[in-house]
$ cat data-v9.pdb   # PDB, C-alpha atoms and all ligand atoms
ATOM      1  CA  MET C   1      41.748  34.119  69.016
ATOM      2  CA  LYS C   2      39.483  31.082  69.077
ATOM      3  CA  GLN C   3      40.556  28.130  71.221
ATOM      4  CA  PHE C   4      37.582  25.739  71.313
ATOM      5  CA  PHE C   5      36.434  23.771  68.278
ATOM      6  CA  LYS C   6      33.668  21.204  67.901
ATOM      7  CA  GLU C   7      34.383  19.129  64.801
ATOM      8  CA  SER C   8      31.613  16.625  65.535
ATOM      9  CA  PRO C   9      29.641  15.870  68.712
ATOM     10  CA  ARG C  10      31.248  13.377  71.047
ATOM     11  CA  GLN C  11      29.497  10.009  70.745
ATOM     12  CA  SER C  12      31.171   6.671  71.317
ATOM     13  CA  LYS C  13      33.137   5.796  74.401
ATOM     14  CA  SER C  14      34.229   2.467  73.022
ATOM     15  CA  ASN C  15      37.640   2.645  74.687
ATOM     16  CA  GLN C  16      36.198   2.302  78.177
ATOM     17  CA  PHE C  17      36.532  -0.912  80.113
ATOM     18  CA  LYS C  18      33.324  -2.741  80.993
ATOM     19  CA  TYR C  19      35.067  -4.856  83.629
ATOM     20  CA  CYS C  20      37.817  -3.835  86.029
ATOM     21  CA  PRO C  21      41.278  -4.856  84.683
ATOM     22  CA  GLN C  22      42.506  -5.237  88.266
ATOM     23  CA  CYS C  23      39.765  -7.329  89.903
ATOM     24  CA  GLY C  24      37.256  -8.232  87.171
ATOM     25  CA  SER C  25      34.260  -6.499  88.768
ATOM     26  CA  SER C  26      31.709  -4.709  86.626
ATOM     27  CA  LEU C  27      32.568  -1.001  86.262
ATOM     28  CA  THR C  28      30.152   1.867  86.765
ATOM     29  CA  THR C  29      30.411   5.605  86.159
ATOM     30  CA  ASN C  30      31.236   7.616  89.237
ATOM     31  CA  HIS C  31      28.685  10.416  88.933
ATOM     32  CA  ARG C  32      29.792  12.056  92.144
ATOM     33  CA  LYS C  33      33.024  13.367  90.621
ATOM     34  CA  ALA C  34      32.844  13.426  86.857
ATOM     35  CA  GLU C  35      30.751  11.762  84.199
ATOM     36  CA  ASN C  36      33.824  10.666  82.315
ATOM     37  CA  LYS C  37      35.494   8.877  85.203
ATOM     38  CA  ILE C  38      34.917   5.135  85.555
ATOM     39  CA  LYS C  39      35.539   3.758  89.030
ATOM     40  CA  CYS C  40      35.628   0.200  90.304
ATOM     41  CA  ASN C  41      33.438  -0.230  93.377
ATOM     42  CA  ASN C  42      35.415  -3.268  94.483
ATOM     43  CA  CYS C  43      39.021  -1.999  94.351
ATOM     44  CA  ASP C  44      40.815   1.307  93.820
ATOM     45  CA  PHE C  45      40.938   1.175  90.012
ATOM     46  CA  ILE C  46      39.845   4.314  88.116
ATOM     47  CA  GLN C  47      39.777   4.611  84.353
ATOM     48  CA  TYR C  48      40.228   8.226  83.286
ATOM     49  CA  SER C  49      38.827   9.279  79.937
ATOM     50  CA  ASN C  50      40.724  12.461  79.229
ATOM     51  CA  PRO C  51      41.387  14.599  76.147
ATOM     52  CA  LEU C  52      44.487  13.486  74.254
ATOM     53  CA  PRO C  53      47.511  15.831  74.087
ATOM     54  CA  CYS C  54      48.647  16.807  70.593
ATOM     55  CA  VAL C  55      50.967  19.223  68.859
ATOM     56  CA  SER C  56      50.548  20.965  65.521
ATOM     57  CA  VAL C  57      53.132  23.087  63.757
ATOM     58  CA  ILE C  58      53.110  26.145  61.524
ATOM     59  CA  ILE C  59      56.274  25.634  59.439
ATOM     60  CA  LYS C  60      57.315  28.815  57.645
ATOM     61  CA  ASN C  61      59.695  29.121  54.713
ATOM     62  CA  ASN C  62      61.754  32.162  53.779
ATOM     63  CA  ASP C  63      58.985  33.462  51.471
ATOM     64  CA  GLY C  64      56.498  33.526  54.308
ATOM     65  CA  ARG C  65      54.556  30.528  53.058
ATOM     66  CA  VAL C  66      53.279  27.755  55.337
ATOM     67  CA  LEU C  67      53.532  24.000  54.805
ATOM     68  CA  ILE C  68      50.396  21.846  54.917
ATOM     69  CA  GLY C  69      49.921  18.131  54.270
ATOM     70  CA  ARG C  70      47.110  16.050  52.785
ATOM     71  CA  ARG C  71      45.898  13.414  55.209
ATOM     72  CA  ILE C  72      45.630   9.719  54.428
ATOM     73  CA  THR C  73      42.692   9.331  56.855
ATOM     74  CA  GLY C  74      39.379  11.063  57.540
ATOM     75  CA  LYS C  75      38.177  13.340  54.757
ATOM     76  CA  LYS C  76      41.699  13.220  53.246
ATOM     77  CA  LEU C  77      41.881  17.013  53.351
ATOM     78  CA  TRP C  78      44.740  19.296  54.370
ATOM     79  CA  CYS C  79      46.158  19.978  57.829
ATOM     80  CA  LEU C  80      49.138  21.463  59.581
ATOM     81  CA  PRO C  81      51.740  18.798  60.481
ATOM     82  CA  CYS C  82      50.459  17.374  63.755
ATOM     83  CA  GLY C  83      50.096  14.339  65.981
ATOM     84  CA  PHE C  84      49.702  12.921  69.449
ATOM     85  CA  VAL C  85      52.275  13.405  72.193
ATOM     86  CA  GLU C  86      53.443   9.857  72.902
ATOM     87  CA  ASP C  87      54.297   8.275  76.232
ATOM     88  CA  GLY C  88      57.697   9.549  77.451
ATOM     89  CA  GLU C  89      57.765  12.593  75.162
ATOM     90  CA  ASN C  90      57.414  16.251  76.013
ATOM     91  CA  PHE C  91      55.484  18.369  73.511
ATOM     92  CA  LEU C  92      58.623  19.790  71.857
ATOM     93  CA  ASN C  93      60.099  16.373  71.189
ATOM     94  CA  ALA C  94      56.714  15.153  69.951
ATOM     95  CA  GLY C  95      56.703  18.134  67.580
ATOM     96  CA  HIS C  96      60.151  17.288  66.233
ATOM     97  CA  ARG C  97      59.149  13.650  65.695
ATOM     98  CA  GLU C  98      55.860  14.476  63.962
ATOM     99  CA  VAL C  99      57.451  17.120  61.726
ATOM    100  CA  LYS C 100      60.227  14.709  60.732
ATOM    101  CA  GLU C 101      57.797  11.823  60.078
ATOM    102  CA  GLU C 102      55.263  13.836  58.108
ATOM    103  CA  THR C 103      57.481  16.349  56.260
ATOM    104  CA  GLY C 104      61.080  15.078  56.380
ATOM    105  CA  LEU C 105      62.151  18.425  57.833
ATOM    106  CA  GLU C 106      64.122  19.457  60.862
ATOM    107  CA  VAL C 107      62.866  22.618  62.483
ATOM    108  CA  ARG C 108      63.564  25.092  65.201
ATOM    109  CA  PHE C 109      60.501  25.947  67.241
ATOM    110  CA  GLU C 110      60.231  29.666  67.793
ATOM    111  CA  ARG C 111      57.023  30.231  69.739
ATOM    112  CA  ILE C 112      53.942  28.608  71.200
ATOM    113  CA  VAL C 113      51.191  30.465  69.338
ATOM    114  CA  ASN C 114      47.968  28.898  70.632
ATOM    115  CA  VAL C 115      46.424  26.048  72.599
ATOM    116  CA  VAL C 116      43.113  24.621  71.397
ATOM    117  CA  SER C 117      40.550  22.051  72.487
ATOM    118  CA  ASN C 118      38.943  19.940  69.748
ATOM    119  CA  GLU C 119      35.883  17.738  70.106
ATOM    120  CA  PHE C 120      35.550  14.774  67.747
ATOM    121  CA  SER C 121      32.986  11.983  67.724
ATOM    122  CA  SER C 122      35.323   9.438  69.300
ATOM    123  CA  PHE C 123      37.712  11.545  71.415
ATOM    124  CA  GLU C 124      38.735  15.022  72.455
ATOM    125  CA  SER C 125      42.169  16.596  72.024
ATOM    126  CA  ILE C 126      44.135  19.501  73.419
ATOM    127  CA  VAL C 127      46.571  20.825  70.830
ATOM    128  CA  ILE C 128      49.631  22.941  71.523
ATOM    129  CA  VAL C 129      50.295  24.951  68.375
ATOM    130  CA  LEU C 130      53.936  25.801  67.634
ATOM    131  CA  GLU C 131      55.540  28.034  65.063
ATOM    132  CA  ALA C 132      58.770  26.810  63.499
ATOM    133  CA  LYS C 133      61.384  27.614  60.909
ATOM    134  CA  ILE C 134      63.274  25.065  58.853
ATOM    135  CA  ILE C 135      66.864  24.222  59.763
ATOM    136  CA  GLY C 136      67.388  21.022  57.751
ATOM    137  CA  GLY C 137      65.995  18.304  55.494
ATOM    138  CA  SER C 138      63.903  18.635  52.347
ATOM    139  CA  PRO C 139      60.100  18.453  52.226
ATOM    140  CA  THR C 140      59.003  14.821  51.796
ATOM    141  CA  ALA C 141      55.521  13.582  52.668
ATOM    142  CA  GLY C 142      55.484  10.621  55.024
ATOM    143  CA  ASP C 143      53.595   8.730  57.717
ATOM    144  CA  ASP C 144      49.886   9.642  57.444
ATOM    145  CA  ILE C 145      50.542  12.535  55.036
ATOM    146  CA  THR C 146      50.450  11.774  51.291
ATOM    147  CA  GLU C 147      51.282  15.150  49.769
ATOM    148  CA  LEU C 148      52.774  18.466  50.890
ATOM    149  CA  LYS C 149      52.139  21.971  49.636
ATOM    150  CA  TRP C 150      53.206  25.494  50.518
ATOM    151  CA  ILE C 151      50.396  27.979  50.872
ATOM    152  CA  GLN C 152      50.305  31.735  51.162
ATOM    153  CA  SER C 153      47.744  34.153  52.460
ATOM    154  CA  GLN C 154      45.662  34.469  49.315
ATOM    155  CA  ASP C 155      45.266  30.695  48.854
ATOM    156  CA  CYS C 156      41.840  29.313  49.564
ATOM    157  CA  PHE C 157      41.239  27.934  53.018
ATOM    158  CA  GLU C 158      38.269  25.678  52.368
ATOM    159  CA  GLU C 159      40.089  22.388  52.181
ATOM    160  CA  PHE C 160      41.285  22.032  55.754
ATOM    161  CA  GLU C 161      40.454  18.837  57.633
ATOM    162  CA  PHE C 162      40.251  20.677  60.959
ATOM    163  CA  THR C 163      38.485  23.958  61.685
ATOM    164  CA  ALA C 164      41.229  24.861  64.155
ATOM    165  CA  ASP C 165      43.964  24.611  61.477
ATOM    166  CA  LYS C 166      42.021  26.899  59.155
ATOM    167  CA  HIS C 167      41.523  29.426  61.934
ATOM    168  CA  ILE C 168      45.154  29.341  63.080
ATOM    169  CA  THR C 169      46.520  29.605  59.542
ATOM    170  CA  GLU C 170      44.296  32.590  58.801
ATOM    171  CA  LYS C 171      45.424  34.268  62.028
ATOM    172  CA  HIS C 172      49.044  33.541  61.139
ATOM    173  CA  PHE C 173      48.747  35.184  57.719
ATOM    174  CA  SER C 174      46.889  38.199  59.093
ATOM    175  CA  GLY C 175      49.675  38.740  61.632
ATOM    176  CA  HIS C 176      47.445  38.135  64.635
ATOM    177  CA  LEU C 177      49.451  35.355  66.245
ATOM    178  CA  SER C 178      51.679  36.396  69.085
ATOM    179  CA  GLY C 179      53.063  33.767  71.393
ATOM    180  CA  ILE C 180      55.315  32.714  74.204
ATOM    181  CA  LEU C 181      58.932  31.725  73.924
ATOM    182  CA  ILE C 182      60.152  28.139  74.031
ATOM    183  CA  ASP C 183      61.881  26.717  77.101
ATOM    184  CA  ARG C 184      64.533  24.554  75.441
ATOM    185  CA  ARG C 185      66.025  22.899  78.492
ATOM    186  CA  TYR C 186      64.257  19.597  77.878
ATOM    187  CA  GLU C 187      64.276  19.677  74.099
ATOM    188  CA  THR C 188      66.407  16.832  72.788
ATOM    189  CA  LYS C 189      66.254  17.292  69.008
ATOM    190  CA  GLY C 190      66.431  19.960  66.349
ATOM    191  CA  ILE C 191      68.061  22.649  68.438
TER     192      ILE C 191
HETATM  193 ZN    ZN P 201      38.439  -3.483  90.617
END
$ encode --input "data-v9.pdb" --output "structure tokens"
Amino acid sequence: MKQFFKESPRQSKSNQFKYCPQCGSSLTTNHRKAENKIKCNNCDFIQYSNPLPCVSVIIKNNDGRVLIGRRITGKKLWCLPCGFVEDGENFLNAGHREVKEETGLEVRFERIVNVVSNEFSSFESIVIVLEAKIIGGSPTAGDDITELKWIQSQDCFEEFEFTADKHITEKHFSGHLSGILIDRRYETKGI
């Protein structure tokens, strides 16, 4: 099971402050601790530049097919329903929100099947991959997904936007995904 993917080498760090938002001093990289940590030498401000937490979801139907969506951004190729975990959300609730926004479906998460790190040119992500079955709604593309389709194991895998999605979907169809159970105590939707 592969868990590290380099989509494109990390380049820009355009989201870093040049001046301290607390005191206005010029900011420098603190090489003593980590290259990616920006520390103000005049006050206690530190800007962390961390990978972004995401969820992606393998949604199965009763025929064993998996739902993928065509993206409105990037190369406009196909991906598993996915997105960033927002402020105030846990990863399960983020998964419910993203699935609802992008597919119109309500799901029950069954297992956590993988965790992957992705490197992109402008940021890095850590993706918790969930497996889910449908409990409500009807498939309707929305948000940053323009089209949905069900795929099965013999369908071609060349059109995925992300290498990780292709890998995970192949592992799913070949029966190589195991996983850990979901702790539902803090799940607020789609039980
Ligand atoms: Zn400062």
$ residues_near_point --input "data-v9.pdb" --point "(38.7, 21.2, 53.9)" --cutoff "7 Å" --atoms "only C-alpha atoms" --output "PyMOL selection string"
chain C and resi 77-78+158-161
$ closest_atom_pairs --input "data-v9.pdb" --of "chain C" --to "ligand ZN 201 (chain P)" --cutoff "12 Å" --atoms "only C-alpha atoms and all ligand atoms" --output "tab-separated table"
residue	atom	partner	partner_atom	distance
C:Phe17	CA	P:ZN201	ZN	11.0
C:Lys18	CA	P:ZN201	ZN	10.9
C:Tyr19	CA	P:ZN201	ZN	7.9
C:Cys20	CA	P:ZN201	ZN	4.6
C:Pro21	CA	P:ZN201	ZN	6.7
C:Gln22	CA	P:ZN201	ZN	5.0
C:Cys23	CA	P:ZN201	ZN	4.1
C:Gly24	CA	P:ZN201	ZN	6.0
C:Ser25	CA	P:ZN201	ZN	5.5
C:Ser26	CA	P:ZN201	ZN	7.9
C:Leu27	CA	P:ZN201	ZN	7.7
C:Thr28	CA	P:ZN201	ZN	10.6
C:Ile38	CA	P:ZN201	ZN	10.6
C:Lys39	CA	P:ZN201	ZN	8.0
C:Cys40	CA	P:ZN201	ZN	4.6
C:Asn41	CA	P:ZN201	ZN	6.6
C:Asn42	CA	P:ZN201	ZN	4.9
C:Cys43	CA	P:ZN201	ZN	4.1
C:Asp44	CA	P:ZN201	ZN	6.2
C:Phe45	CA	P:ZN201	ZN	5.3
C:Ile46	CA	P:ZN201	ZN	8.3
C:Gln47	CA	P:ZN201	ZN	10.3
$ residues_around --input "data-v9.pdb" --residues "Glu102 of chain C" --least-positions-apart "6" --cutoff "6 Å" --atoms "all atoms listed in the file" --output "list in words"
Ala141, Gly142, Asp143 and Ile145 of chain C
$ resolve_selection --input "data-v9.pdb" --expression "the PyMOL selection byres (((chain C and resi 116) around 6) and not hetatm)" --output "list in words"
Gln3, Phe4, Val115, Ser117, Ile126 and Val127 of chain C
$ residues_around --input "data-v9.pdb" --residues "Arg184 of chain C" --least-positions-apart "2" --cutoff "12 Å" --atoms "all atoms listed in the file" --output "list in words"
Asn90, Phe91, Leu92, Asn93, Arg108, Phe109, Glu110, Arg111, Leu181, Ile182, Tyr186, Glu187, Thr188, Lys189, Gly190 and Ile191 of chain C
$ closest_residue --input "data-v9.pdb" --among "C:Lys100, C:Arg185, C:Lys133, C:His176" --to "Asp63 of chain C" --atoms "only C-alpha atoms"
C:Lys133
